[in-house]
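Trainee: Sharing protein.txt, compact mmCIF, C-alpha atoms:
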# COMPACT_ATOMS: atom_id res chain seq x y z
CA MET A 1 0.00 0.00 0.00
CA PHE A 2 1.07 3.54 -0.69
CA LYS A 3 0.96 6.10 2.02
CA VAL A 4 -0.63 9.35 0.92
CA ARG A 5 1.01 12.43 2.35
CA GLN A 6 -1.03 15.54 2.66
CA GLY A 7 0.07 19.05 3.22
CA SER A 8 -1.09 22.55 2.76
CA VAL A 9 0.22 25.66 1.11
CA HIS A 10 -0.97 29.11 2.09
CA ILE A 11 -2.33 31.16 -0.76
CA GLU A 12 0.10 33.94 0.17
CA GLN A 13 3.00 31.62 -0.63
CA VAL A 14 1.58 30.96 -4.10
CA LEU A 15 0.92 34.65 -4.74
CA GLU A 16 4.42 35.60 -3.60
CA TYR A 17 6.00 32.85 -5.70
CA LYS A 18 4.03 33.96 -8.76
CA GLN A 19 4.71 37.63 -7.89
CA ASP A 20 1.05 38.57 -8.29
CA PRO A 21 0.98 42.36 -8.80
CA ARG A 22 -1.92 42.96 -6.40
CA TYR A 23 -0.28 40.84 -3.72
CA MET A 24 3.08 42.58 -4.20
CA ARG A 25 1.33 45.98 -3.86
CA ASP A 26 -0.26 44.82 -0.61
CA VAL A 27 3.13 43.66 0.70
CA LEU A 28 4.64 47.04 -0.17
CA LEU A 29 1.77 48.86 1.55
CA TYR A 30 2.17 46.67 4.63
CA LYS A 31 5.92 47.37 4.85
CA LEU A 32 5.40 51.12 4.37
CA THR A 33 2.67 51.11 7.03
CA ILE A 34 4.79 49.28 9.60
CA GLU A 35 7.66 51.70 9.02
CA ALA A 36 5.33 54.73 9.23
CA ARG A 37 3.85 53.48 12.51
CA LYS A 38 7.34 53.08 13.93
CA ARG A 39 8.34 56.57 12.77
CA VAL A 40 5.18 58.15 14.19
CA GLU A 41 5.95 56.61 17.60
CA GLU A 42 9.56 57.86 17.47
CA SER A 43 8.71 61.32 16.11
CA ALA A 44 9.00 64.40 18.25
CA VAL A 45 6.21 65.92 16.15
CA SER A 46 2.73 65.49 17.62
CA ARG A 47 0.11 63.45 15.82
CA ARG A 48 -2.04 66.56 15.54
CA GLU A 49 0.79 68.36 13.72
CA ILE A 50 1.37 65.37 11.41
CA ILE A 51 -2.35 65.38 10.55
CA ARG A 52 -2.19 69.13 9.86
CA ARG A 53 0.83 68.71 7.58
CA LEU A 54 -0.90 65.90 5.73
CA GLY A 55 -3.96 68.11 5.27
CA THR A 56 -6.22 65.26 6.27
CA SER A 57 -8.63 64.24 9.02
CA PRO A 58 -7.67 62.28 12.12
CA ALA A 59 -9.80 59.37 10.88
CA GLN A 60 -7.90 59.26 7.58
CA PHE A 61 -4.58 59.49 9.41
CA TYR A 62 -5.45 56.47 11.56
CA ARG A 63 -6.61 54.56 8.47
CA LEU A 64 -3.17 55.23 6.97
CA LEU A 65 -1.57 53.69 10.07
CA ASP A 66 -3.84 50.61 9.96
CA PRO A 67 -1.76 47.71 8.56
CA THR A 68 -4.94 45.81 7.62
CA ASN A 69 -6.26 48.66 5.45
CA TYR A 70 -5.29 47.94 1.84
CA ARG A 71 -7.61 50.56 0.35
CA LYS A 72 -5.07 53.31 0.93
CA SER A 73 -2.62 54.34 -1.75
CA VAL A 74 1.13 53.95 -1.90
CA ASP A 75 1.19 57.66 -2.79
CA ARG A 76 -0.42 58.66 0.54
CA MET A 77 1.97 56.41 2.47
CA LEU A 78 4.95 58.02 0.75
CA PHE A 79 3.54 61.45 1.57
CA LEU A 80 3.13 60.45 5.23
CA LEU A 81 6.72 59.23 5.37
CA HIS A 82 7.86 62.49 3.76
CA VAL A 83 6.00 64.44 6.47
CA LEU A 84 7.87 62.29 9.00
CA ASP A 85 11.19 63.41 7.42
CA CYS A 86 11.96 60.05 5.83
CA ASP A 87 13.59 59.33 2.49
CA VAL A 88 12.18 56.32 0.68
CA ASP A 89 14.34 54.59 -1.93
CA LEU A 90 12.83 52.14 -4.36
CA VAL A 91 15.17 49.54 -5.82
CA ILE A 92 14.33 48.05 -9.19
CA ARG A 93 16.34 45.08 -10.46
CA ALA A 94 16.00 42.39 -13.05
CA LYS A 95 14.33 39.17 -11.95
CA GLY A 96 16.77 36.61 -10.67
CA ALA A 97 19.28 39.28 -9.68
Is it possible to give me this structure as structure tokens?
Mentor:
Amino acid sequence: MFKVRQGSVHIEQVLEYKQDPRYMRDVLLYKLTIEARKRVEESAVSRREIIRRLGTSPAQFYRLLDPTNYRKSVDRMLFLLHVLDCDVDLVIRAKGA
């Protein structure tokens, strides 16, 4: 008799392996959000001042800091990091490099 081995693969592993564009965008947003949250905590600038500089509402600011919110834009996250005096470098390289 043959023994059947079963296992499971998370869908995230498949999407990452296939480099699904929507999944990769979500990963980028997640990383930017985690970094922004860290920078907000370390910042000497008050949250109220950050909100003023962003020209947004407190509710929108907190949605930007929510790592489970994928409806925000990369553009807004970059703007938030700019307000927090951060430089963001994007590295583009050929696949397999």
Trainee: Point out the residue among A:Leu64, A:Ala59, A:Leu28, A:Leu54 with the least atom-to-atom distance to Val83 of chain A, counting all atoms listed in the file.
Mentor: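 Closest to Val83 of chain A of all the choices is A:Leu54.
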Trainee: Between A:Phe61, A:Asp66, A:Thr33, A:Ser73, single out the one closest to Glu49 of chain A, counting all atoms listed in the file.
Mentor: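 Under the stated criterion, the closest residue is A:Phe61.
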Trainee: Using only C-alpha atoms, pick whichever of A:Arg52, A:Arg22, A:Lys3, A:His82 has the shortest atom-to-atom distance to Arg39 of chain A.
Mentor: A:His82
Trainee: To one decimal place in Å, what is the distance between atom CA of Asp26 of chain A and atom CA of Gln6 of chain A?
Mentor: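 These atoms are spaced 29.5 Å apart.
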Trainee: Can you pull out every residue within 12 Å of segment 85-96 of chain A, counting all atoms listed in the file, but drop anything in the same chain fewer than 2 positions away, and send it as number ranges by chain?
Mentor: A: 18-19, 28, 31-32, 35-36, 38-40, 42-45, 50, 53, 74-75, 77-83
Trainee: When you count all atoms listed in the file, which of these residues is closest to Leu84 of chain A: A:Arg37, A:Tyr70, A:Glu12, A:Asp20?
Mentor: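 Using all atoms listed in the file, the shortest distance to Leu84 of chain A belongs to A:Arg37.
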Trainee: Calculate how many Å separate atom CA of Lys72 of chain A from atom CA of Thr56 of chain A, rounding to one decimal.
Mentor: 13.1 Å
Trainee: What separation in Å, quoted to one decimal, exists between atom CA of Val27 of chain A and atom CA of Ser8 of chain A?
Mentor: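 About the pair atom CA of Val27 of chain A and atom CA of Ser8 of chain A: they are 21.6 Å apart.
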